[in-house]
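Trainee: Dropping in my_file_13.tsv, which is TSV, C-alpha atoms:
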chain	number	residue	atom	x	y	z
A	1	MET	CA	0.37	140.92	-88.05
A	2	GLY	CA	1.63	144.44	-87.55
A	3	GLU	CA	3.36	146.28	-84.73
A	4	ILE	CA	2.58	149.41	-82.76
A	5	THR	CA	5.00	151.29	-80.51
A	6	ILE	CA	3.62	153.30	-77.61
A	7	ARG	CA	5.93	155.20	-75.29
A	8	GLY	CA	8.83	153.00	-76.31
A	9	ILE	CA	6.98	149.69	-75.84
A	10	THR	CA	6.33	147.73	-79.03
A	11	LEU	CA	3.32	145.43	-79.20
A	12	GLY	CA	3.29	142.72	-81.85
A	13	ASP	CA	7.08	142.44	-82.17
A	14	GLY	CA	7.18	138.78	-81.13
A	15	VAL	CA	8.14	139.47	-77.51
A	16	PRO	CA	5.06	138.72	-75.35
A	17	LYS	CA	4.00	141.64	-73.18
A	18	ILE	CA	2.24	141.21	-69.84
A	19	CYS	CA	-0.80	143.18	-68.69
A	20	VAL	CA	-2.06	143.13	-65.09
A	21	PRO	CA	-5.51	144.50	-64.14
A	22	ILE	CA	-6.55	146.69	-61.21
A	23	ILE	CA	-10.11	146.09	-59.97
A	24	GLY	CA	-10.43	148.22	-56.82
A	25	ARG	CA	-13.65	149.99	-55.91
A	26	THR	CA	-12.21	152.89	-53.90
A	27	ASP	CA	-9.19	155.11	-54.41
A	28	GLU	CA	-7.47	153.35	-51.54
A	29	GLU	CA	-8.11	149.90	-53.02
A	30	VAL	CA	-7.04	150.95	-56.53
A	31	LEU	CA	-3.81	152.55	-55.37
A	32	ALA	CA	-3.00	149.66	-53.01
A	33	GLN	CA	-3.43	147.16	-55.86
A	34	SER	CA	-1.40	149.37	-58.16
A	35	GLU	CA	1.43	149.56	-55.65
A	36	ALA	CA	1.30	145.79	-55.12
A	37	ILE	CA	1.68	145.25	-58.87
A	38	ALA	CA	4.68	147.57	-59.01
A	39	ARG	CA	6.32	145.84	-56.03
A	40	GLU	CA	5.72	142.35	-57.41
A	41	ALA	CA	7.08	143.29	-60.83
A	42	GLU	CA	10.18	144.78	-59.22
A	43	ARG	CA	10.68	141.68	-57.07
A	44	LEU	CA	10.43	139.33	-60.02
A	45	GLU	CA	12.72	141.44	-62.18
A	46	GLU	CA	15.33	141.70	-59.43
A	47	ALA	CA	15.18	137.92	-59.07
A	48	GLY	CA	15.86	137.55	-62.80
A	49	ILE	CA	12.62	135.64	-63.43
A	50	ARG	CA	12.37	137.10	-66.91
A	51	LYS	CA	14.74	138.98	-69.19
A	52	ALA	CA	11.90	141.14	-70.50
A	53	PRO	CA	9.87	143.33	-68.08
A	54	CYS	CA	7.44	141.38	-65.92
A	55	VAL	CA	4.69	144.00	-66.30
A	56	ASP	CA	4.43	146.13	-69.44
A	57	ILE	CA	0.80	147.25	-69.17
A	58	VAL	CA	-1.41	148.09	-66.19
A	59	GLU	CA	-5.13	147.91	-66.91
A	60	PHE	CA	-7.45	150.09	-64.85
A	61	ARG	CA	-10.83	148.35	-64.84
A	62	ALA	CA	-12.96	151.44	-64.40
A	63	ASP	CA	-16.23	149.49	-64.25
A	64	TYR	CA	-15.28	148.45	-60.70
A	65	TYR	CA	-14.51	152.00	-59.55
A	66	ASP	CA	-17.10	153.74	-57.35
A	67	ASN	CA	-16.25	157.32	-58.41
A	68	ILE	CA	-16.27	156.65	-62.14
A	69	CYS	CA	-18.94	159.32	-62.72
A	70	ASN	CA	-16.85	162.13	-61.20
A	71	GLN	CA	-14.40	163.58	-63.72
A	72	THR	CA	-12.27	165.46	-61.20
A	73	ILE	CA	-11.79	162.49	-58.89
A	74	LEU	CA	-11.20	160.13	-61.82
A	75	THR	CA	-8.53	162.40	-63.29
A	76	GLU	CA	-6.76	162.69	-59.96
A	77	LEU	CA	-6.70	158.91	-59.63
A	78	LEU	CA	-5.35	158.44	-63.14
A	79	GLN	CA	-2.58	160.90	-62.34
A	80	LYS	CA	-1.60	158.87	-59.29
A	81	LEU	CA	-1.61	155.64	-61.32
A	82	ARG	CA	0.67	157.27	-63.88
A	83	GLU	CA	3.02	158.35	-61.09
A	84	GLN	CA	3.14	154.78	-59.76
A	85	HIS	CA	3.83	153.37	-63.25
A	86	PRO	CA	5.86	155.96	-65.15
A	87	ASP	CA	7.44	153.43	-67.51
A	88	ARG	CA	4.45	151.16	-68.10
A	89	LEU	CA	1.49	151.60	-70.40
A	90	LEU	CA	-1.81	152.51	-68.75
A	91	LEU	CA	-4.87	150.84	-70.32
A	92	PHE	CA	-8.28	152.29	-69.45
A	93	THR	CA	-11.12	149.75	-69.65
A	94	PHE	CA	-14.79	150.11	-68.83
A	95	ARG	CA	-16.21	146.62	-69.34
A	96	THR	CA	-20.00	146.46	-69.71
A	97	GLU	CA	-22.13	143.90	-67.94
A	98	GLU	CA	-22.86	142.13	-71.22
A	99	GLU	CA	-19.15	141.43	-71.67
A	100	GLY	CA	-18.31	140.46	-68.11
A	101	GLY	CA	-18.07	143.87	-66.48
A	102	GLU	CA	-18.86	144.87	-62.91
A	103	LEU	CA	-21.32	147.68	-63.60
A	104	ARG	CA	-22.62	149.02	-60.28
A	105	HIS	CA	-23.47	152.59	-61.31
A	106	ASP	CA	-26.90	153.54	-62.56
A	107	ARG	CA	-25.51	156.53	-64.48
A	108	ALA	CA	-22.29	155.07	-65.84
A	109	GLY	CA	-23.80	153.15	-68.75
A	110	SER	CA	-25.46	156.24	-70.22
A	111	MET	CA	-22.33	158.33	-69.53
A	112	LEU	CA	-19.87	155.95	-71.14
A	113	GLU	CA	-18.77	158.29	-73.93
A	114	ASP	CA	-18.23	161.06	-71.39
A	115	ILE	CA	-16.16	158.68	-69.26
A	116	TYR	CA	-14.05	157.75	-72.29
A	117	ALA	CA	-13.54	161.44	-73.04
A	118	TRP	CA	-12.51	162.23	-69.45
A	119	ALA	CA	-9.95	159.44	-69.48
A	120	MET	CA	-8.55	160.54	-72.85
A	121	VAL	CA	-8.26	164.25	-72.11
A	122	SER	CA	-6.65	163.55	-68.73
A	123	GLY	CA	-3.36	162.99	-70.55
A	124	TYR	CA	-2.50	160.01	-68.35
A	125	ILE	CA	-3.67	156.96	-70.32
A	126	ASP	CA	-1.94	155.30	-73.29
A	127	LEU	CA	-4.56	152.76	-74.36
A	128	LEU	CA	-8.35	152.80	-74.36
A	129	ASP	CA	-10.50	149.67	-74.61
A	130	VAL	CA	-13.67	149.99	-76.70
A	131	GLU	CA	-16.04	147.05	-77.11
A	132	LEU	CA	-16.89	146.08	-80.68
A	133	LEU	CA	-20.50	145.33	-79.76
A	134	SER	CA	-21.02	148.84	-78.44
A	135	GLY	CA	-21.79	149.72	-82.07
A	136	ASN	CA	-19.84	150.75	-85.16
A	137	TYR	CA	-20.63	154.44	-84.73
A	138	ARG	CA	-19.39	154.56	-81.15
A	139	VAL	CA	-16.24	152.58	-81.97
A	140	VAL	CA	-15.33	154.82	-84.94
A	141	ARG	CA	-16.12	158.05	-83.11
A	142	THR	CA	-14.16	157.03	-80.01
A	143	ALA	CA	-11.22	155.73	-82.06
A	144	THR	CA	-11.07	158.98	-84.01
A	145	LYS	CA	-10.97	161.06	-80.82
A	146	ALA	CA	-8.35	158.77	-79.32
A	147	LYS	CA	-6.05	159.01	-82.33
A	148	ASP	CA	-6.31	162.81	-82.26
A	149	LEU	CA	-5.03	162.66	-78.68
A	150	GLY	CA	-2.27	160.14	-79.39
A	151	ILE	CA	-4.03	157.28	-77.61
A	152	ALA	CA	-4.09	153.75	-79.05
A	153	VAL	CA	-7.40	151.90	-79.18
A	154	VAL	CA	-7.97	148.27	-78.17
A	155	VAL	CA	-11.16	147.12	-79.85
A	156	SER	CA	-12.40	144.10	-77.91
A	157	TYR	CA	-14.94	141.29	-78.11
A	158	HIS	CA	-15.79	138.86	-75.29
A	159	ASN	CA	-17.91	135.73	-75.55
A	160	PHE	CA	-18.76	133.93	-72.31
A	161	GLU	CA	-20.88	131.28	-74.01
A	162	GLU	CA	-18.68	129.73	-76.68
A	163	THR	CA	-15.77	130.08	-79.08
A	164	PRO	CA	-17.15	131.08	-82.49
A	165	HIS	CA	-15.88	129.37	-85.63
A	166	ASN	CA	-12.51	130.61	-86.86
A	167	GLY	CA	-14.11	132.21	-89.91
A	168	THR	CA	-16.31	134.27	-87.58
A	169	LEU	CA	-13.31	135.21	-85.42
A	170	GLU	CA	-11.43	136.39	-88.50
A	171	GLU	CA	-14.40	138.51	-89.57
A	172	LEU	CA	-14.61	140.05	-86.09
A	173	LEU	CA	-10.91	140.94	-86.18
A	174	TRP	CA	-11.25	142.41	-89.65
A	175	ASP	CA	-14.23	144.51	-88.51
A	176	MET	CA	-12.23	145.76	-85.52
A	177	GLU	CA	-9.39	146.87	-87.78
A	178	GLN	CA	-11.68	148.60	-90.28
A	179	LEU	CA	-13.37	150.52	-87.47
A	180	GLY	CA	-10.08	151.97	-86.27
A	181	GLY	CA	-8.66	149.46	-83.81
A	182	ASP	CA	-4.91	149.66	-83.19
A	183	ILE	CA	-4.95	146.40	-81.21
A	184	LEU	CA	-7.60	143.74	-81.79
A	185	LYS	CA	-8.66	141.62	-78.83
A	186	ILE	CA	-10.92	138.57	-78.63
A	187	ALA	CA	-11.56	136.52	-75.49
A	188	ALA	CA	-13.84	133.51	-75.90
A	189	THR	CA	-15.01	130.59	-73.78
A	190	PRO	CA	-13.92	127.08	-74.82
A	191	LYS	CA	-16.13	124.04	-74.47
A	192	ASN	CA	-13.24	121.64	-74.98
A	193	GLN	CA	-9.54	121.55	-75.79
A	194	PHE	CA	-10.32	121.65	-79.51
A	195	ASP	CA	-11.65	125.19	-79.03
A	196	VAL	CA	-8.43	126.17	-77.26
A	197	ASP	CA	-6.37	124.64	-80.07
A	198	ARG	CA	-8.38	126.60	-82.64
A	199	VAL	CA	-7.63	129.90	-80.92
A	200	LEU	CA	-3.93	129.06	-80.77
A	201	GLU	CA	-3.85	127.98	-84.39
A	202	LEU	CA	-5.60	131.16	-85.48
A	203	THR	CA	-3.09	133.25	-83.54
A	204	GLU	CA	-0.23	131.57	-85.40
A	205	GLN	CA	-1.99	131.86	-88.76
A	206	ILE	CA	-2.45	135.60	-88.26
A	207	ARG	CA	1.24	136.00	-87.38
A	208	LYS	CA	2.20	134.15	-90.56
A	209	GLY	CA	-0.30	136.06	-92.71
A	210	LYS	CA	-2.23	132.92	-93.66
A	211	THR	CA	-5.78	134.00	-92.82
A	212	ARG	CA	-8.52	134.64	-95.38
A	213	GLN	CA	-9.00	138.15	-94.01
A	214	GLU	CA	-5.82	140.24	-93.98
A	215	ILE	CA	-5.10	141.29	-90.40
A	216	THR	CA	-2.42	143.98	-90.23
A	217	LYS	CA	-2.73	145.09	-86.59
A	218	PRO	CA	-1.46	143.37	-83.41
A	219	VAL	CA	-3.96	140.88	-82.00
A	220	VAL	CA	-4.69	139.49	-78.55
A	221	LEU	CA	-6.51	136.14	-78.64
A	222	ILE	CA	-7.47	134.46	-75.37
A	223	SER	CA	-9.29	131.27	-74.50
A	224	MET	CA	-10.83	131.91	-71.08
A	225	THR	CA	-11.52	129.76	-68.00
A	226	LYS	CA	-9.28	127.11	-66.48
A	227	LEU	CA	-9.77	125.02	-69.62
A	228	GLY	CA	-8.18	127.72	-71.76
A	229	GLU	CA	-5.45	128.70	-69.33
A	230	ARG	CA	-2.63	127.51	-71.57
A	231	SER	CA	-3.69	129.97	-74.25
A	232	ARG	CA	-2.39	132.75	-72.02
A	233	THR	CA	1.15	131.44	-72.32
A	234	GLU	CA	1.19	129.48	-75.57
A	235	GLY	CA	-0.81	132.16	-77.39
A	236	ALA	CA	1.66	134.83	-76.35
A	237	LYS	CA	4.52	132.75	-77.73
A	238	LEU	CA	2.65	132.18	-81.00
A	239	GLY	CA	2.06	135.86	-81.64
A	240	SER	CA	-0.57	137.33	-79.30
A	241	ALA	CA	0.63	140.87	-78.59
A	242	PHE	CA	0.05	140.68	-74.85
A	243	THR	CA	-1.41	138.41	-72.25
A	244	PHE	CA	-3.00	138.93	-68.83
A	245	GLY	CA	-1.66	137.92	-65.44
A	246	CYS	CA	-2.88	138.84	-61.99
A	247	VAL	CA	-1.50	140.07	-58.69
A	248	GLY	CA	-4.13	139.14	-56.13
A	249	SER	CA	-7.64	139.21	-57.60
A	250	SER	CA	-8.21	138.42	-61.27
A	251	SER	CA	-10.54	140.27	-63.64
A	252	ALA	CA	-11.39	137.33	-65.90
A	253	PRO	CA	-11.64	133.54	-65.60
A	254	GLY	CA	-8.37	131.72	-66.19
A	255	GLN	CA	-5.91	134.52	-65.45
A	256	ILE	CA	-2.57	133.25	-64.17
A	257	PRO	CA	-0.64	134.68	-61.18
A	258	LEU	CA	2.04	137.05	-62.43
A	259	GLU	CA	5.04	135.03	-61.22
A	260	ASP	CA	3.76	131.82	-62.85
A	261	LEU	CA	3.04	133.69	-66.09
A	262	ALA	CA	6.44	135.39	-66.19
A	263	ARG	CA	8.22	132.08	-65.59
A	264	ALA	CA	6.18	130.35	-68.30
A	265	LEU	CA	6.89	133.07	-70.87
A	266	GLU	CA	10.60	133.04	-70.12
Rewrite the structure from the file as structure tokens, please.
Mentor:
Amino acid sequence: MGEITIRGITLGDGVPKICVPIIGRTDEEVLAQSEAIAREAERLEEAGIRKAPCVDIVEFRADYYDNICNQTILTELLQKLREQHPDRLLLFTFRTEEEGGELRHDRAGSMLEDIYAWAMVSGYIDLLDVELLSGNYRVVRTATKAKDLGIAVVVSYHNFEETPHNGTLEELLWDMEQLGGDILKIAATPKNQFDVDRVLELTEQIRKGKTRQEITKPVVLISMTKLGERSRTEGAKLGSAFTFGCVGSSSAPGQIPLEDLARALE
């Protein structure tokens, strides 16, 4: 498993990073959540909860945002988020309905490549999430544009029905890397603890270079829902580049409150 350093933060170096999502619909909600994340991280760090930072990445879930189809307003909001988090990475994610997103905009689906472009040329984001199932051509084209602008790409895959066999998961990760992913993310739904164990074992195998497919980029492997909750802490310790916590509302089933996550990782 490789490493990538973005604005002084190294992902895949063995120190678990924490990402917290923002899911507000209006500017006021987004900025209030963003401020709450910054305050909570500062409180936990001042209390010495964790030696490492308590929030390394802030994810803006743009599929929740009402003004996503307005480039000017979107850019202004991204600027304000950057100002609130000058030392954290800003991840821009537009999750589609098929992969658990909150799509409420008739135009947004057909404008997705424009929305990606607006976020990238704004100059305020560090990471861009692109879904593997959006198609090879879109992934490659978006990844190429992102790299030209110095933005790292998280290629992601979400399965809300099951956890595919490990061989399938390896193939998905390999495809993500070949298509230009800088960070490879899979979140799957377990049916039992064996599925959770498989995800954790695969994470460790990738870190040790023992998979059939050679994976050279940082990975994020998550077992969702309450059943897979322990993957968010144990997986991070086994090699997952970052994990997700929440301050207030969560963006996916099984996310852990930030304080609990920071304590568990420490």
Trainee: Using all atoms listed in the file, which residue out of A:Lys217, A:Arg198, A:Arg141, A:Lys80 lies closest to Ala32 of chain A?
Mentor: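 Once distances to Ala32 of chain A are computed over all atoms listed in the file, the minimum belongs to A:Lys80.
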Trainee: So that I can check the surroundings of segment 64-74 of chain A, please list as a PyMOL selection string every protein, DNA and RNA residue that reaches within 12 Å of it, counting all atoms listed in the file and ignoring chain neighbours fewer than 6 positions away.
Mentor: chain A and resi 21-31+80-81+92-97+100-122+124-125+251
Trainee: With only C-alpha atoms counted, which protein, DNA or RNA residues have an atom no more than 12 Å from (-12.9, 141.4, -90.8) in the file frame? Please answer as an MDAnalysis selection string.
Mentor: chainID A and resid 132 166:181 184 211:217
Trainee: Using all atoms listed in the file for the distances, tell me which of A:Ala38, A:Leu128, A:Val55, A:Leu44 is nearest to Phe242 of chain A.
Mentor: A:Val55
Trainee: I'd like the interatomic distance between atom CA of Ser34 of chain A and atom CA of Gln84 of chain A, to a tenth of an Å.
Mentor: 7.2 Å
Trainee: Restricting the calculation to all atoms listed in the file: of A:Pro257, A:Asp129, A:Ile6, A:Gly123, which residue gets closest to Phe60 of chain A?
Mentor: A:Asp129
Trainee: May I have the residues within 12 Å of Glu201 of chain A as a list in words, using only C-alpha atoms and disregarding those fewer than 3 positions away in the same chain?
Mentor: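 Listing them by chain and then by number gives Asn166, Leu169, Phe194, Asp195, Val196, Asp197, Arg198, Glu204, Gln205, Ile206, Arg207, Lys208, Lys210, Thr211, Leu221, Ile222, Ser223, Ser231, Glu234, Gly235, Ala236, Lys237, Leu238, Gly239 and Ser240 of chain A.
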Trainee: Around segment 199-203 of chain A, with edges along x, y and z and 6 Å added on all six sides, what centre and edge lengths do you get, in Å to one decimal, as lines of an AutoDock Vina configuration file?
Mentor:
center_x = -5.4
center_y = 130.6
center_z = -83.1
size_x = 16.5
size_y = 17.3
size_z = 16.7
Trainee: In Å, with one decimal, what is the gap from atom CA of Glu161 of chain A to atom CA of Val140 of chain A?
Mentor: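 These two atoms are separated by 26.5 Å.
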Trainee: Find, counting only C-alpha atoms, the residue in A:Ala188, A:Tyr137, A:Leu127, A:Val220 that gets nearest to Thr5 of chain A.
Mentor: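 That would be A:Leu127, the residue with the smallest distance to Thr5 of chain A.
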Trainee: Please identify all polymer residues within 10 Å of Thr225 of chain A, counting all atoms listed in the file, omitting same-chain residues fewer than 2 positions from it, and present them as JSON, numbers by chain.
Mentor: {"A": [160, 188, 189, 190, 191, 222, 223, 227, 228, 229, 230, 252, 253, 254, 255]}
Trainee: Calculated over all atoms listed in the file, which of the candidates A:Leu149, A:Val58, A:Ile37, A:Val199 has the smallest distance to Lys17 of chain A?
Mentor: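 The shortest atom-to-atom distance to Lys17 of chain A comes from A:Val58.
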Trainee: What's the separation between atom CA of Arg7 of chain A and atom CA of Lys147 of chain A, in Å to one decimal place?
Mentor: 14.4 Å
Trainee: Using only C-alpha atoms, which residues sit within 12 Å of Gly8 of chain A once same-chain residues fewer than 3 positions away are excluded, as a JSON list (two decimals) with C-alpha atoms, in the frame of the given file?
Mentor:
[["chain", "number", "residue", "atom", "x", "y", "z"],
["A", 4, "ILE", "CA", 2.58, 149.41, -82.76],
["A", 5, "THR", "CA", 5.00, 151.29, -80.51],
["A", 11, "LEU", "CA", 3.32, 145.43, -79.20],
["A", 56, "ASP", "CA", 4.43, 146.13, -69.44],
["A", 86, "PRO", "CA", 5.86, 155.96, -65.15],
["A", 87, "ASP", "CA", 7.44, 153.43, -67.51],
["A", 88, "ARG", "CA", 4.45, 151.16, -68.10],
["A", 89, "LEU", "CA", 1.49, 151.60, -70.40],
["A", 126, "ASP", "CA", -1.94, 155.30, -73.29]]
Trainee: Under the rule that only C-alpha atoms are counted, which of A:Ile49, A:Val153, A:Ala36, A:Leu200 is the nearest residue to Leu91 of chain A?
Mentor: A:Val153
Trainee: When you get a chance, write out all heavy atoms for segment 172-183 of chain A, as a PDB file, in the frame of the given file.
Mentor:
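That gives us part-v1.pdb:
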ATOM      1  N   LEU A 172     -14.565 139.112 -87.209  1.00  0.00           N
ATOM      2  CA  LEU A 172     -14.610 140.050 -86.090  1.00  0.00           C
ATOM      3  C   LEU A 172     -13.328 140.882 -86.036  1.00  0.00           C
ATOM      4  O   LEU A 172     -13.375 142.105 -85.849  1.00  0.00           O
ATOM      5  CB  LEU A 172     -14.809 139.296 -84.778  1.00  0.00           C
ATOM      6  CG  LEU A 172     -16.180 138.666 -84.551  1.00  0.00           C
ATOM      7  CD1 LEU A 172     -16.136 137.719 -83.345  1.00  0.00           C
ATOM      8  CD2 LEU A 172     -17.241 139.739 -84.334  1.00  0.00           C
ATOM      9  N   LEU A 173     -12.193 140.230 -86.199  1.00  0.00           N
ATOM     10  CA  LEU A 173     -10.910 140.940 -86.180  1.00  0.00           C
ATOM     11  C   LEU A 173     -10.825 141.937 -87.329  1.00  0.00           C
ATOM     12  O   LEU A 173     -10.348 143.072 -87.156  1.00  0.00           O
ATOM     13  CB  LEU A 173      -9.754 139.946 -86.245  1.00  0.00           C
ATOM     14  CG  LEU A 173      -9.564 139.048 -85.012  1.00  0.00           C
ATOM     15  CD1 LEU A 173      -8.592 137.923 -85.321  1.00  0.00           C
ATOM     16  CD2 LEU A 173      -9.090 139.846 -83.804  1.00  0.00           C
ATOM     17  N   TRP A 174     -11.285 141.530 -88.496  1.00  0.00           N
ATOM     18  CA  TRP A 174     -11.250 142.410 -89.650  1.00  0.00           C
ATOM     19  C   TRP A 174     -12.143 143.636 -89.410  1.00  0.00           C
ATOM     20  O   TRP A 174     -11.755 144.769 -89.723  1.00  0.00           O
ATOM     21  CB  TRP A 174     -11.707 141.656 -90.898  1.00  0.00           C
ATOM     22  CG  TRP A 174     -11.467 142.406 -92.175  1.00  0.00           C
ATOM     23  CD1 TRP A 174     -10.312 142.459 -92.903  1.00  0.00           C
ATOM     24  CD2 TRP A 174     -12.428 143.216 -92.871  1.00  0.00           C
ATOM     25  NE1 TRP A 174     -10.489 143.252 -94.015  1.00  0.00           N
ATOM     26  CE2 TRP A 174     -11.776 143.729 -94.021  1.00  0.00           C
ATOM     27  CE3 TRP A 174     -13.762 143.554 -92.643  1.00  0.00           C
ATOM     28  CZ2 TRP A 174     -12.414 144.566 -94.930  1.00  0.00           C
ATOM     29  CZ3 TRP A 174     -14.402 144.391 -93.546  1.00  0.00           C
ATOM     30  CH2 TRP A 174     -13.721 144.886 -94.672  1.00  0.00           C
ATOM     31  N   ASP A 175     -13.333 143.395 -88.840  1.00  0.00           N
ATOM     32  CA  ASP A 175     -14.230 144.510 -88.510  1.00  0.00           C
ATOM     33  C   ASP A 175     -13.559 145.472 -87.532  1.00  0.00           C
ATOM     34  O   ASP A 175     -13.643 146.697 -87.686  1.00  0.00           O
ATOM     35  CB  ASP A 175     -15.532 143.992 -87.906  1.00  0.00           C
ATOM     36  CG  ASP A 175     -16.436 143.321 -88.929  1.00  0.00           C
ATOM     37  OD1 ASP A 175     -16.205 143.507 -90.137  1.00  0.00           O
ATOM     38  OD2 ASP A 175     -17.363 142.604 -88.506  1.00  0.00           O
ATOM     39  N   MET A 176     -12.910 144.920 -86.512  1.00  0.00           N
ATOM     40  CA  MET A 176     -12.230 145.760 -85.520  1.00  0.00           C
ATOM     41  C   MET A 176     -11.192 146.663 -86.176  1.00  0.00           C
ATOM     42  O   MET A 176     -11.082 147.856 -85.850  1.00  0.00           O
ATOM     43  CB  MET A 176     -11.534 144.868 -84.482  1.00  0.00           C
ATOM     44  CG  MET A 176     -12.452 144.077 -83.584  1.00  0.00           C
ATOM     45  SD  MET A 176     -11.468 142.950 -82.560  1.00  0.00           S
ATOM     46  CE  MET A 176     -12.758 142.145 -81.606  1.00  0.00           C
ATOM     47  N   GLU A 177     -10.428 146.085 -87.104  1.00  0.00           N
ATOM     48  CA  GLU A 177      -9.390 146.870 -87.780  1.00  0.00           C
ATOM     49  C   GLU A 177     -10.000 147.958 -88.640  1.00  0.00           C
ATOM     50  O   GLU A 177      -9.536 149.108 -88.636  1.00  0.00           O
ATOM     51  CB  GLU A 177      -8.501 145.950 -88.610  1.00  0.00           C
ATOM     52  CG  GLU A 177      -7.352 146.671 -89.278  1.00  0.00           C
ATOM     53  CD  GLU A 177      -6.304 145.743 -89.843  1.00  0.00           C
ATOM     54  OE1 GLU A 177      -6.255 144.554 -89.446  1.00  0.00           O
ATOM     55  OE2 GLU A 177      -5.519 146.206 -90.689  1.00  0.00           O
ATOM     56  N   GLN A 178     -11.051 147.617 -89.390  1.00  0.00           N
ATOM     57  CA  GLN A 178     -11.680 148.600 -90.280  1.00  0.00           C
ATOM     58  C   GLN A 178     -12.306 149.750 -89.503  1.00  0.00           C
ATOM     59  O   GLN A 178     -12.392 150.877 -90.007  1.00  0.00           O
ATOM     60  CB  GLN A 178     -12.735 147.916 -91.151  1.00  0.00           C
ATOM     61  CG  GLN A 178     -12.195 146.819 -92.041  1.00  0.00           C
ATOM     62  CD  GLN A 178     -10.983 147.242 -92.832  1.00  0.00           C
ATOM     63  OE1 GLN A 178     -11.033 148.222 -93.583  1.00  0.00           O
ATOM     64  NE2 GLN A 178      -9.883 146.520 -92.698  1.00  0.00           N
ATOM     65  N   LEU A 179     -12.727 149.490 -88.281  1.00  0.00           N
ATOM     66  CA  LEU A 179     -13.370 150.520 -87.470  1.00  0.00           C
ATOM     67  C   LEU A 179     -12.373 151.395 -86.723  1.00  0.00           C
ATOM     68  O   LEU A 179     -12.774 152.323 -86.019  1.00  0.00           O
ATOM     69  CB  LEU A 179     -14.337 149.866 -86.467  1.00  0.00           C
ATOM     70  CG  LEU A 179     -15.562 149.186 -87.085  1.00  0.00           C
ATOM     71  CD1 LEU A 179     -16.326 148.395 -86.032  1.00  0.00           C
ATOM     72  CD2 LEU A 179     -16.476 150.204 -87.754  1.00  0.00           C
ATOM     73  N   GLY A 180     -11.080 151.090 -86.862  1.00  0.00           N
ATOM     74  CA  GLY A 180     -10.080 151.970 -86.270  1.00  0.00           C
ATOM     75  C   GLY A 180      -9.290 151.381 -85.134  1.00  0.00           C
ATOM     76  O   GLY A 180      -8.539 152.108 -84.460  1.00  0.00           O
ATOM     77  N   GLY A 181      -9.409 150.079 -84.896  1.00  0.00           N
ATOM     78  CA  GLY A 181      -8.660 149.460 -83.810  1.00  0.00           C
ATOM     79  C   GLY A 181      -7.162 149.437 -84.092  1.00  0.00           C
ATOM     80  O   GLY A 181      -6.740 149.124 -85.203  1.00  0.00           O
ATOM     81  N   ASP A 182      -6.371 149.770 -83.100  1.00  0.00           N
ATOM     82  CA  ASP A 182      -4.910 149.660 -83.190  1.00  0.00           C
ATOM     83  C   ASP A 182      -4.441 148.308 -82.687  1.00  0.00           C
ATOM     84  O   ASP A 182      -3.403 147.806 -83.106  1.00  0.00           O
ATOM     85  CB  ASP A 182      -4.242 150.766 -82.369  1.00  0.00           C
ATOM     86  CG  ASP A 182      -4.587 152.147 -82.886  1.00  0.00           C
ATOM     87  OD1 ASP A 182      -4.237 152.442 -84.043  1.00  0.00           O
ATOM     88  OD2 ASP A 182      -5.213 152.926 -82.142  1.00  0.00           O
ATOM     89  N   ILE A 183      -5.196 147.729 -81.739  1.00  0.00           N
ATOM     90  CA  ILE A 183      -4.950 146.400 -81.210  1.00  0.00           C
ATOM     91  C   ILE A 183      -6.299 145.700 -81.175  1.00  0.00           C
ATOM     92  O   ILE A 183      -7.311 146.292 -80.768  1.00  0.00           O
ATOM     93  CB  ILE A 183      -4.339 146.472 -79.787  1.00  0.00           C
ATOM     94  CG1 ILE A 183      -3.001 147.207 -79.833  1.00  0.00           C
ATOM     95  CG2 ILE A 183      -4.149 145.081 -79.195  1.00  0.00           C
ATOM     96  CD1 ILE A 183      -2.664 147.937 -78.573  1.00  0.00           C
TER      97      ILE A 183
END
